[in-house]
$ cat final_37.cif   # mmCIF, C-alpha atoms
data_protein
loop_
_atom_site.label_atom_id
_atom_site.label_comp_id
_atom_site.auth_asym_id
_atom_site.auth_seq_id
_atom_site.Cartn_x
_atom_site.Cartn_y
_atom_site.Cartn_z
CA MET A 18 73.90 -133.11 13.82
CA SER A 19 74.54 -131.84 17.31
CA PHE A 20 75.89 -133.79 20.21
CA ARG A 21 74.21 -131.70 22.89
CA LYS A 22 73.22 -133.59 26.00
CA ARG A 23 69.51 -133.91 26.46
CA ASN A 24 67.33 -134.14 29.58
CA VAL A 25 69.85 -132.24 31.68
CA GLY A 26 68.29 -130.01 34.29
CA LEU A 27 69.50 -126.47 34.78
CA ALA A 28 71.28 -125.98 38.07
CA GLY A 29 72.20 -122.72 39.72
CA PRO A 30 75.61 -121.95 41.22
CA SER A 31 74.41 -122.72 44.74
CA SER A 32 73.06 -126.18 43.93
CA ALA A 33 76.30 -127.24 42.25
CA SER A 34 78.25 -126.87 45.44
CA ALA A 35 75.59 -128.53 47.57
CA SER A 36 76.51 -131.98 48.79
CA PRO A 37 74.10 -134.74 49.87
CA LYS A 38 73.47 -135.10 53.56
CA GLU A 39 75.63 -137.79 55.03
CA ALA A 40 74.31 -140.29 57.52
CA PRO A 41 75.73 -140.04 61.04
CA VAL A 42 78.67 -142.29 61.66
CA THR A 43 78.93 -144.39 64.77
CA PRO A 44 81.85 -143.33 66.98
CA ALA A 45 84.74 -145.75 66.80
CA ASN A 46 85.49 -148.21 69.58
CA SER A 47 81.88 -148.27 70.82
CA PRO A 48 81.41 -151.51 72.78
CA GLY A 49 78.42 -153.67 71.99
CA VAL A 50 77.71 -151.96 68.65
CA ARG A 51 78.13 -153.42 65.17
CA PRO A 52 76.82 -152.49 61.71
CA SER A 53 73.63 -153.97 60.36
CA PRO A 54 74.13 -156.62 57.66
CA ILE A 55 71.38 -154.94 55.59
CA ASP A 56 72.39 -151.28 55.39
CA GLY A 57 75.28 -150.82 57.83
CA ARG A 58 73.31 -148.92 60.47
CA PRO A 59 74.71 -149.28 64.00
CA THR A 60 72.85 -151.90 66.01
CA THR A 61 73.05 -153.12 69.57
CA SER A 62 71.95 -156.37 71.13
CA THR A 63 68.79 -156.78 73.20
CA GLY A 64 70.44 -159.48 75.33
CA THR A 65 68.28 -162.16 73.64
CA PRO A 66 69.83 -163.72 70.51
CA THR A 67 66.53 -164.95 69.06
CA LEU A 68 64.99 -161.49 69.49
CA ASP A 69 67.99 -159.92 67.75
CA ASP A 70 67.45 -162.24 64.78
CA LEU A 71 63.79 -161.27 64.65
CA LEU A 72 64.25 -157.51 64.34
CA ALA A 73 63.87 -157.03 60.58
CA GLY A 74 67.10 -158.78 59.70
CA HIS A 75 69.36 -156.18 61.35
CA ALA A 76 70.72 -158.77 63.84
CA GLY A 77 69.91 -156.45 66.71
CA LEU A 78 68.00 -153.32 67.67
CA ALA A 79 69.07 -150.42 65.46
CA LEU A 80 70.16 -147.39 67.45
CA GLY A 81 67.78 -144.48 67.30
CA ASN A 82 64.73 -146.76 67.51
CA SER A 83 62.30 -147.92 70.16
CA LEU A 84 60.70 -151.31 70.80
CA LEU A 85 57.35 -151.78 72.54
CA ILE A 86 56.58 -155.20 74.04
CA GLU A 87 52.95 -155.83 74.94
CA GLU A 88 51.82 -158.71 77.13
CA ASN A 89 48.48 -160.26 77.95
CA GLY A 90 47.63 -161.73 81.33
CA THR A 91 49.40 -161.44 84.65
CA THR A 92 52.73 -163.04 83.70
CA ASP A 93 55.99 -161.11 83.39
CA PHE A 94 57.70 -162.50 80.29
CA ALA A 95 58.11 -158.97 78.96
CA GLY A 96 59.86 -158.03 82.19
CA ALA A 97 62.39 -160.80 81.58
CA LEU A 98 63.19 -159.33 78.16
CA LEU A 99 63.69 -155.93 79.78
CA ARG A 100 66.11 -157.40 82.32
CA TYR A 101 68.10 -159.08 79.56
CA TYR A 102 68.19 -155.76 77.72
CA ALA A 103 69.39 -153.89 80.80
CA ALA A 104 71.93 -156.56 81.79
CA GLU A 105 73.42 -156.54 78.29
CA GLY A 106 73.82 -152.79 78.51
CA VAL A 107 75.58 -152.99 81.86
CA VAL A 108 77.99 -155.67 80.65
CA GLN A 109 78.79 -153.70 77.49
CA GLY A 110 79.47 -150.54 79.49
CA HIS A 111 76.41 -148.63 78.27
CA ARG A 112 74.48 -146.09 80.31
CA VAL A 113 71.13 -147.59 81.32
CA HIS A 114 68.24 -145.31 82.33
CA VAL A 115 65.33 -147.03 84.09
CA VAL A 116 62.06 -145.18 84.66
CA GLY A 117 59.54 -145.73 87.44
CA VAL A 118 61.21 -148.48 89.48
CA GLY A 119 63.76 -148.36 92.25
CA GLU A 120 67.22 -149.79 92.74
CA GLN A 121 65.78 -153.15 93.78
CA TRP A 122 64.89 -153.74 90.14
CA GLY A 123 68.52 -153.27 89.18
CA ARG A 124 69.71 -155.72 91.83
CA GLU A 125 67.57 -158.44 90.22
CA LEU A 126 69.31 -158.32 86.85
CA PRO A 127 70.43 -161.80 85.69
CA GLY A 128 74.08 -162.72 86.03
CA LEU A 129 76.44 -163.87 83.33
CA VAL A 130 76.62 -167.54 82.42
CA GLY A 131 79.99 -169.24 82.85
CA VAL A 132 81.41 -167.24 85.76
CA GLY A 133 83.36 -169.74 87.86
CA GLY A 134 83.02 -173.53 88.00
CA ALA A 135 83.44 -175.74 84.98
CA ALA A 136 82.55 -172.93 82.63
CA GLY A 137 85.40 -170.92 84.10
CA LYS A 138 87.84 -173.73 83.31
CA GLU A 139 86.58 -173.80 79.74
CA GLY A 140 87.14 -170.05 79.58
CA GLU A 141 90.72 -170.49 80.77
CA ALA A 142 91.33 -173.12 78.10
CA GLY A 143 89.86 -170.81 75.46
CA ALA A 144 91.99 -167.95 76.71
CA ALA A 145 95.10 -170.10 76.43
CA GLY A 146 94.13 -170.91 72.85
CA ASP A 147 93.64 -167.22 72.08
CA LYS A 148 97.05 -166.47 73.55
CA GLU A 149 98.59 -169.12 71.29
CA LYS A 150 96.87 -167.58 68.27
CA MET A 151 98.24 -164.13 69.09
CA LYS A 152 101.83 -165.31 68.62
CA ILE A 153 101.48 -164.43 64.92
CA ALA A 154 99.57 -161.77 63.06
CA TRP A 155 95.78 -162.19 63.23
CA ARG A 156 95.41 -162.52 59.47
CA TYR A 157 97.70 -165.56 59.47
CA GLU A 158 96.08 -167.40 62.37
CA ARG A 159 94.06 -169.70 60.06
CA LEU A 160 97.00 -170.48 57.81
CA GLY A 161 97.64 -173.80 59.52
CA GLU A 162 94.20 -175.12 58.50
CA PHE A 163 95.14 -175.10 54.83
CA GLY A 164 95.78 -178.61 53.49
CA ALA A 165 94.51 -180.39 56.61
CA GLY A 166 92.21 -182.60 54.56
CA ALA A 167 95.00 -183.62 52.18
CA ALA A 168 97.30 -184.95 54.88
CA GLY A 169 96.26 -188.57 54.27
CA SER A 170 96.56 -188.50 50.49
CA ARG A 171 99.67 -186.33 50.16
CA GLY A 172 102.08 -187.57 52.73
CA GLY A 173 105.10 -185.61 51.50
CA ILE A 174 103.29 -182.27 51.61
CA ALA A 175 101.85 -183.09 55.02
CA LEU A 176 105.34 -183.69 56.38
CA LEU A 177 106.74 -180.46 54.95
CA LEU A 178 103.77 -178.32 55.93
CA PRO A 179 104.62 -178.02 59.68
CA CYS A 180 108.18 -176.97 58.83
CA PHE A 181 106.87 -174.37 56.41
CA LEU A 182 104.40 -173.02 58.96
CA MET A 183 107.10 -172.80 61.60
CA TYR A 184 109.22 -170.82 59.17
CA ILE A 185 106.33 -168.44 58.49
CA ARG A 186 105.68 -168.03 62.24
CA ASN A 187 109.30 -167.09 62.91
CA ILE A 188 109.40 -164.54 60.11
CA LEU A 189 106.03 -162.88 60.78
CA SER A 190 106.01 -163.00 64.58
CA PHE A 191 106.88 -159.31 64.82
CA GLU A 192 103.62 -158.38 63.05
CA ALA A 193 101.61 -159.46 66.07
CA ILE A 194 102.92 -156.36 67.82
CA ALA A 195 102.76 -153.90 64.95
CA THR A 196 99.49 -155.02 63.33
CA PRO A 197 96.30 -153.94 65.16
CA THR A 198 93.54 -156.51 65.56
CA PRO A 199 90.14 -155.25 64.35
CA ASN A 200 87.11 -155.38 66.63
CA ARG A 201 89.08 -156.71 69.58
CA ASN A 202 88.90 -155.17 73.01
CA PRO A 203 91.13 -155.89 75.98
CA ILE A 204 89.58 -157.70 78.92
CA PRO A 205 90.88 -157.55 82.47
CA SER A 206 93.11 -160.48 83.23
CA SER A 207 92.97 -162.62 86.32
CA PRO A 208 95.95 -162.69 88.73
CA GLY A 209 97.37 -165.81 87.11
CA GLN A 210 96.99 -164.74 83.49
CA SER A 211 98.52 -162.14 81.22
CA ASP A 212 96.58 -159.52 79.29
CA LEU A 213 94.78 -161.07 76.33
CA MET A 214 93.11 -159.54 73.31
CA VAL A 215 89.91 -161.43 72.55
CA PRO A 216 86.89 -160.43 70.45
CA ALA A 217 84.23 -158.74 72.56
CA PRO A 218 80.93 -160.67 72.24
CA PHE A 219 77.99 -158.82 70.78
CA CYS A 220 75.40 -160.69 72.89
CA HIS A 221 76.07 -162.39 76.22
CA SER A 222 74.31 -165.30 77.92
CA PHE A 223 72.60 -164.70 81.25
CA ASP A 224 71.23 -166.85 84.05
CA LEU A 225 68.05 -165.70 85.79
CA THR A 226 69.02 -167.54 88.97
CA LYS A 227 72.21 -165.48 89.32
CA ARG A 228 72.62 -161.80 90.04
CA LEU A 229 74.71 -159.36 88.07
CA SER A 230 77.35 -157.38 89.95
CA LEU A 231 76.64 -153.74 89.18
CA PRO A 232 79.63 -151.42 88.76
CA ALA A 233 80.05 -148.57 91.19
CA SER A 234 80.44 -145.95 88.44
CA GLY A 235 76.70 -145.37 88.08
CA ALA A 236 76.04 -147.49 84.98
CA ILE A 237 72.33 -147.56 85.88
CA THR A 238 70.30 -144.50 86.81
CA PHE A 239 66.79 -144.77 88.23
CA THR A 240 64.28 -141.99 87.63
CA THR A 241 61.51 -141.91 90.17
CA ILE A 242 58.00 -140.66 89.42
CA HIS A 243 56.48 -137.95 91.58
CA PRO A 244 52.67 -138.12 91.56
CA THR A 245 52.33 -134.56 92.89
CA VAL A 246 53.99 -132.98 89.85
CA ASP A 247 51.62 -131.62 87.22
CA ASN A 248 53.50 -133.21 84.29
CA LEU A 249 55.43 -136.13 85.73
CA PHE A 250 57.11 -137.01 82.41
CA THR A 251 59.06 -133.75 82.27
CA SER A 252 61.65 -134.91 84.81
CA ILE A 253 62.21 -138.12 82.82
CA LEU A 254 62.98 -136.20 79.65
CA GLN A 255 65.21 -133.70 81.41
CA SER A 256 67.32 -136.33 83.18
CA THR A 257 67.75 -138.40 79.99
CA THR A 258 68.67 -135.37 77.89
CA GLN A 259 71.20 -134.12 80.44
CA ALA A 260 72.79 -137.57 80.75
CA ILE A 261 73.28 -137.82 76.99
CA ALA A 262 74.65 -134.27 76.70
CA SER A 263 77.13 -134.73 79.57
CA SER A 264 78.50 -138.10 78.38
CA LEU A 265 81.26 -138.83 75.90
CA PRO A 266 80.38 -138.93 72.18
CA ASN A 267 80.93 -142.69 71.95
CA THR A 268 78.74 -143.56 74.97
CA ILE A 269 75.68 -145.67 74.20
CA HIS A 270 72.50 -145.08 76.21
CA ARG A 271 69.54 -147.39 76.82
CA LEU A 272 66.16 -146.10 78.02
CA ILE A 273 63.93 -148.65 79.79
CA ILE A 274 60.32 -148.07 80.85
CA PRO A 275 58.82 -151.15 82.57
CA THR A 276 55.02 -151.63 82.64
CA LEU A 277 54.05 -148.30 81.16
CA LEU A 278 50.94 -146.77 82.78
CA SER A 279 50.76 -149.50 85.44
CA PRO A 280 48.85 -148.25 88.51
CA ALA A 281 51.58 -149.70 90.74
CA LEU A 282 54.16 -147.28 89.28
CA PHE A 283 52.29 -144.44 87.55
CA PRO A 284 49.54 -142.20 88.94
CA PRO A 285 46.14 -142.12 87.20
CA SER A 286 46.96 -138.81 85.51
CA ALA A 287 49.77 -140.48 83.54
CA SER A 288 47.28 -142.23 81.26
CA HIS A 289 45.78 -138.94 80.13
CA PRO A 290 46.62 -138.25 76.47
CA ARG A 291 47.51 -134.67 77.38
CA HIS A 292 50.54 -136.00 79.32
CA LEU A 293 51.40 -139.32 77.69
CA LEU A 294 51.36 -138.47 73.97
CA PRO A 295 53.70 -135.44 74.22
CA PHE A 296 56.08 -137.60 76.25
CA LEU A 297 56.17 -140.32 73.59
CA HIS A 298 56.61 -137.67 70.89
CA SER A 299 59.57 -136.27 72.83
CA ILE A 300 61.12 -139.73 73.22
CA ARG A 301 60.77 -140.28 69.48
CA ALA A 302 62.40 -136.91 68.77
CA LEU A 303 65.23 -137.70 71.18
CA LEU A 304 65.87 -141.00 69.39
CA ARG A 305 66.00 -139.24 66.03
CA GLN A 306 68.30 -136.59 67.47
CA HIS A 307 70.79 -139.24 68.64
CA PRO A 308 70.51 -142.00 66.01
CA THR A 309 73.87 -143.56 66.96
CA ARG A 310 73.75 -143.26 70.76
CA LEU A 311 70.27 -144.05 72.11
CA SER A 312 67.76 -146.90 72.00
CA ALA A 313 64.62 -147.53 74.04
CA MET A 314 62.49 -150.48 75.13
CA LEU A 315 59.06 -150.28 76.78
CA THR A 316 56.50 -152.77 78.04
CA LEU A 317 52.74 -152.32 78.25
CA PRO A 318 50.19 -154.52 80.10
CA LEU A 319 47.36 -155.26 77.69
CA SER A 320 45.17 -156.62 80.47
CA LEU A 321 44.79 -153.03 81.69
CA TYR A 322 44.94 -151.21 78.36
CA PRO A 323 43.61 -153.34 75.45
CA ARG A 324 44.79 -152.76 71.91
CA SER A 325 41.27 -151.77 70.87
CA THR A 326 41.50 -148.47 72.76
CA GLY A 327 42.56 -145.31 71.00
CA LEU A 328 45.32 -144.57 73.51
CA VAL A 329 47.11 -147.84 72.85
CA CYS A 330 46.80 -147.26 69.10
CA TRP A 331 48.65 -143.96 69.51
CA ILE A 332 51.29 -145.61 71.70
CA GLU A 333 51.92 -148.24 69.02
CA HIS A 334 52.03 -145.57 66.33
CA LEU A 335 54.75 -143.63 68.18
CA CYS A 336 56.98 -146.70 68.65
CA ASP A 337 59.18 -148.09 65.89
CA GLY A 338 58.66 -151.78 66.74
CA VAL A 339 55.68 -153.46 68.40
CA LEU A 340 55.61 -157.07 69.61
CA GLU A 341 52.87 -158.86 71.56
CA LEU A 342 53.34 -161.77 73.96
CA ALA A 343 50.30 -163.98 74.47
CA PRO A 344 51.10 -166.62 77.14
CA PHE A 345 49.23 -169.91 77.09
CA PRO A 346 46.73 -170.43 79.94
CA HIS A 347 48.48 -173.66 80.93
CA SER A 348 51.86 -171.95 81.39
CA ILE A 349 51.38 -171.94 85.15
CA ASP A 350 50.17 -175.55 85.32
CA PRO A 351 52.64 -178.25 86.43
CA GLU A 352 51.39 -180.65 83.72
CA PRO A 353 53.27 -180.68 80.41
CA PRO A 354 51.60 -178.65 77.63
CA LEU A 355 49.90 -180.32 74.72
CA THR A 356 51.59 -178.20 72.06
CA THR A 357 55.00 -178.59 70.58
CA SER A 358 57.29 -176.59 68.38
CA SER A 359 58.78 -177.74 65.11
CA GLY A 360 62.16 -179.34 65.58
CA SER A 361 61.71 -179.65 69.34
CA SER A 362 63.38 -182.42 71.28
CA LYS A 363 63.13 -183.81 74.77
CA ALA A 364 65.82 -181.44 76.04
CA GLU A 365 63.98 -178.34 74.78
CA GLU A 366 61.36 -176.55 76.78
CA LYS A 367 57.77 -176.56 75.57
CA PRO A 368 56.45 -173.23 74.24
CA GLN A 369 54.82 -171.05 76.84
CA GLY A 370 53.02 -168.62 74.57
CA MET A 371 52.66 -167.06 71.16
CA LEU A 372 54.54 -164.04 69.84
CA LYS A 373 52.83 -161.68 67.41
CA ILE A 374 54.69 -159.14 65.32
CA HIS A 375 52.68 -155.97 64.75
CA ARG A 376 55.50 -153.74 63.55
CA LEU A 377 59.24 -153.89 62.98
CA PRO A 378 61.64 -151.01 62.37
CA VAL A 379 61.67 -150.46 58.60
CA LEU A 380 64.85 -148.56 57.83
CA THR A 381 65.43 -149.12 54.11
CA GLU A 382 63.42 -148.87 50.92
CA LYS A 383 63.60 -152.66 50.68
CA GLY A 384 61.50 -153.02 53.81
CA GLY A 385 64.20 -153.82 56.32
CA GLY A 386 63.96 -157.61 56.10
CA SER A 387 61.32 -160.16 56.98
CA GLY A 388 59.61 -160.44 60.32
CA GLY A 389 59.83 -164.21 60.62
CA GLY A 390 56.14 -165.01 60.02
CA ASP A 391 53.15 -165.01 62.33
CA ASP A 392 53.39 -168.53 63.78
CA LEU A 393 56.04 -167.87 66.41
CA ALA A 394 56.19 -169.23 69.95
CA PHE A 395 58.38 -168.30 72.89
CA SER A 396 59.68 -170.13 75.93
CA LEU A 397 61.57 -168.84 78.95
CA THR A 398 64.07 -171.01 80.78
CA ARG A 399 66.64 -170.28 83.40
CA ARG A 400 69.31 -169.31 80.89
CA LYS A 401 67.55 -168.11 77.76
CA PHE A 402 64.48 -166.65 76.17
CA VAL A 403 63.83 -168.57 72.96
CA ILE A 404 61.63 -167.51 70.03
CA LYS A 405 61.03 -170.26 67.48
CA PRO A 406 58.44 -171.37 64.90
CA PHE A 407 55.28 -172.94 66.27
CA SER A 408 53.39 -175.95 64.96
CA LEU A 409 50.48 -178.01 66.22
CA PRO A 410 51.02 -181.55 67.54
CA PRO A 411 49.88 -184.61 65.54
CA VAL A 412 46.23 -185.59 65.48
CA GLU A 413 45.18 -187.80 68.38
CA GLY A 414 44.31 -190.73 66.11
CA ASP A 415 47.59 -190.59 64.18
CA GLN A 416 49.50 -193.22 66.14
CA GLU A 417 52.42 -193.36 63.72
CA ALA A 418 53.08 -189.63 63.94
CA GLN A 419 52.87 -189.71 67.75
CA LYS A 420 55.25 -192.65 67.86
CA GLY A 421 57.70 -190.85 65.59
CA GLU A 422 57.49 -187.75 67.75
CA ALA A 423 58.17 -189.76 70.89
CA GLU A 424 61.25 -191.29 69.26
CA GLY A 425 62.65 -187.92 68.36
CA GLY A 426 61.18 -187.65 64.88
CA LYS A 427 63.53 -190.23 63.31
CA VAL A 428 62.29 -192.09 60.24
CA GLY A 429 63.44 -195.66 59.67
CA LYS A 430 63.60 -197.77 56.55
CA GLY A 431 60.32 -199.47 57.41
CA ASP A 432 58.49 -196.11 57.43
CA ILE A 433 59.31 -195.43 53.78
CA GLU A 434 56.78 -196.79 51.28
CA PHE A 435 57.33 -196.90 47.54
#

$ encode --input "final_37.cif" --output "structure tokens"
Amino acid sequence: MSFRKRNVGLAGPSSASASPKEAPVTPANSPGVRPSPIDGRPTTSTGTPTLDDLLAGHAGLALGNSLLIEENGTTDFAGALLRYYAAEGVVQGHRVHVVGVGEQWGRELPGLVGVGGAAGKEGEAGAAGDKEKMKIAWRYERLGEFGAGAAGSRGGIALLLPCFLMYIRNILSFEAIATPTPNRNPIPSSPGQSDLMVPAPFCHSFDLTKRLSLPASGAITFTTIHPTVDNLFTSILQSTTQAIASSLPNTIHRLIIPTLLSPALFPPSASHPRHLLPFLHSIRALLRQHPTRLSAMLTLPLSLYPRSTGLVCWIEHLCDGVLELAPFPHSIDPEPPLTTSSGSSKAEEKPQGMLKIHRLPVLTEKGGGSGGGDDLAFSLTRRKFVIKPFSLPPVEGDQEAQKGEAEGGKVGKGDIEF
């Protein structure tokens, strides 16, 4: 009886030394980039937390991918998402490339929430707490929380615990200098504070009524469109390619194209498939060439180019993610809308439209996560763009349900029948 291995393929000498192709690794110390919880791919924030949660479970837009946002009507909700996306890139120190609009568009980016005022005082208090935590090594900063719930039942241990913690602090205080803190970036300190090491946020909060202070180092570049050029998209590709090639390896780039094919920004020849489709193919190839350094976001007005046309079908096919915003007709009316969202309260804003998911970036064999369903609504306020599940209000004749909704949805003992 032989013990020869079966079902073993014959391999030549060249195939034995061949190694599998490794996925590109994100450069270290890249601000605003973190691995995906699904497959570890580098992702960056869109500036909208609810949109990050919607993108196939990757908790952000995976680098090397594009996102197309379509919008019906004459509103500009998609433009607000683009401004959040650009503002997040500026705050994180990314290179932002805007196509078709001038510098005035960059001056209208929303400012950060919590700069000055009461929020600034809260930031100072939080900074003082972070400074207190940095007196010991970062891996021991939660040691004091152990046994907090047993302080009332075990009085002797509760009395000895502070002395023990003080002893540990004195012994391990030198490790705060020698031990590096992971995923922590230094922030510039104010004149009255010392340098602190705090975790850099992945997604910031912005206020549309404020304006973001742009750095003088050219964080945003604006590419103008020349109608007289035969192929006007060539200059866009050349400037983006040169910017990526001339930057450092750990620099993240964001490409933004507002209102693609809009007559206010693009000449009529731009909508010709002979010009547009090769441009989108080149953008897709550029994203695949730099899968850890580049992401793109585009908007398209469906009132001018419906989804039923062949050109829009090709545009959607060449983008990795496609979302559609369908605002409600009463969004511009001063009267309150008749629809509500599940779990909404008096403090929340009413939904202003529906969000449809046509495609999400699928990056794994498991499908890349769920898209969150079809019944999604969005609302835009001064400080946030919220995407949440949508549900119809109670029937007009259902007085009990309307009364419960008016009272905040609370159910009393009298409402329960056995």

$ closest_residue --input "final_37.cif" --among "A:Gly338, A:Pro266, A:Gly96, A:Pro218" --to "Leu317 in chain A" --atoms "all atoms listed in the file"
A:Gly96

$ residues_around --input "final_37.cif" --residues "range 294-298 of chain A" --least-positions-apart "6" --cutoff "10 Å" --atoms "all atoms listed in the file" --output "PyMOL selection string"
chain A and resi 248-251+253-254+287-288+304+328+331-332+334-336

$ closest_residue --input "final_37.cif" --among "A:Phe94, A:Gly77, A:Arg112, A:Ile237" --to "Pro378 in chain A" --atoms "only C-alpha atoms"
A:Gly77

$ residues_near_point --input "final_37.cif" --point "(45.7, -162.1, 82.4)" --cutoff "9 Å" --atoms "all atoms listed in the file" --output "PyMOL selection string"
chain A and resi 88-92+319-320+344+346

$ resolve_selection --input "final_37.cif" --expression "the PyMOL selection byres ((chain A and resi 67) around 8)" --output "list in words"
Thr65, Pro66, Leu68, Asp69, Asp70, Leu71, Phe402, Val403, Ile404 and Lys405 of chain A

$ atom_distance --input "final_37.cif" --atom1 "CA of Arg376 in chain A" --atom2 "CA of Ser83 in chain A"
11.1 Å

$ resolve_selection --input "final_37.cif" --expression "the PyMOL selection byres ((chain A and resi 54) around 9)" --output "list in words"
Pro52, Ser53, Ile55, Asp56, Gly57, Arg58, Gly74, His75 and Ala76 of chain A

$ write_last_selection --input "final_37.cif" --atoms "C-alpha atoms" --output "PDB file, keeping the file's coordinate frame"
ATOM      1  CA  PRO A  52      76.820-152.490  61.710  1.00  0.00           C
ATOM      2  CA  SER A  53      73.630-153.970  60.360  1.00  0.00           C
ATOM      3  CA  ILE A  55      71.380-154.940  55.590  1.00  0.00           C
ATOM      4  CA  ASP A  56      72.390-151.280  55.390  1.00  0.00           C
ATOM      5  CA  GLY A  57      75.280-150.820  57.830  1.00  0.00           C
ATOM      6  CA  ARG A  58      73.310-148.920  60.470  1.00  0.00           C
ATOM      7  CA  GLY A  74      67.100-158.780  59.700  1.00  0.00           C
ATOM      8  CA  HIS A  75      69.360-156.180  61.350  1.00  0.00           C
ATOM      9  CA  ALA A  76      70.720-158.770  63.840  1.00  0.00           C
TER      10      ALA A  76
END

$ resolve_selection --input "final_37.cif" --expression "the PyMOL selection byres ((chain A and resi 222-232) around 12)" --output "PyMOL selection string"
chain A and resi 62-67+96-98+100-113+120-132+218-221+233-238+397-402

$ write_last_selection --input "final_37.cif" --atoms "C-alpha atoms" --output "compact mmCIF listing (two decimals), in the frame of the given file"
# COMPACT_ATOMS: atom_id res chain seq x y z
CA SER A 62 71.95 -156.37 71.13
CA THR A 63 68.79 -156.78 73.20
CA GLY A 64 70.44 -159.48 75.33
CA THR A 65 68.28 -162.16 73.64
CA PRO A 66 69.83 -163.72 70.51
CA THR A 67 66.53 -164.95 69.06
CA GLY A 96 59.86 -158.03 82.19
CA ALA A 97 62.39 -160.80 81.58
CA LEU A 98 63.19 -159.33 78.16
CA ARG A 100 66.11 -157.40 82.32
CA TYR A 101 68.10 -159.08 79.56
CA TYR A 102 68.19 -155.76 77.72
CA ALA A 103 69.39 -153.89 80.80
CA ALA A 104 71.93 -156.56 81.79
CA GLU A 105 73.42 -156.54 78.29
CA GLY A 106 73.82 -152.79 78.51
CA VAL A 107 75.58 -152.99 81.86
CA VAL A 108 77.99 -155.67 80.65
CA GLN A 109 78.79 -153.70 77.49
CA GLY A 110 79.47 -150.54 79.49
CA HIS A 111 76.41 -148.63 78.27
CA ARG A 112 74.48 -146.09 80.31
CA VAL A 113 71.13 -147.59 81.32
CA GLU A 120 67.22 -149.79 92.74
CA GLN A 121 65.78 -153.15 93.78
CA TRP A 122 64.89 -153.74 90.14
CA GLY A 123 68.52 -153.27 89.18
CA ARG A 124 69.71 -155.72 91.83
CA GLU A 125 67.57 -158.44 90.22
CA LEU A 126 69.31 -158.32 86.85
CA PRO A 127 70.43 -161.80 85.69
CA GLY A 128 74.08 -162.72 86.03
CA LEU A 129 76.44 -163.87 83.33
CA VAL A 130 76.62 -167.54 82.42
CA GLY A 131 79.99 -169.24 82.85
CA VAL A 132 81.41 -167.24 85.76
CA PRO A 218 80.93 -160.67 72.24
CA PHE A 219 77.99 -158.82 70.78
CA CYS A 220 75.40 -160.69 72.89
CA HIS A 221 76.07 -162.39 76.22
CA ALA A 233 80.05 -148.57 91.19
CA SER A 234 80.44 -145.95 88.44
CA GLY A 235 76.70 -145.37 88.08
CA ALA A 236 76.04 -147.49 84.98
CA ILE A 237 72.33 -147.56 85.88
CA THR A 238 70.30 -144.50 86.81
CA LEU A 397 61.57 -168.84 78.95
CA THR A 398 64.07 -171.01 80.78
CA ARG A 399 66.64 -170.28 83.40
CA ARG A 400 69.31 -169.31 80.89
CA LYS A 401 67.55 -168.11 77.76
CA PHE A 402 64.48 -166.65 76.17

$ atom_distance --input "final_37.cif" --atom1 "CA of Pro285 in chain A" --atom2 "CA of Tyr322 in chain A"
12.7 Å

$ atom_distance --input "final_37.cif" --atom1 "CA of Ser263 in chain A" --atom2 "CA of Thr60 in chain A"
22.3 Å

$ closest_residue --input "final_37.cif" --among "A:His289, A:Ala73, A:Ala281, A:Ser264" --to "Leu377 in chain A" --atoms "only C-alpha atoms"
A:Ala73
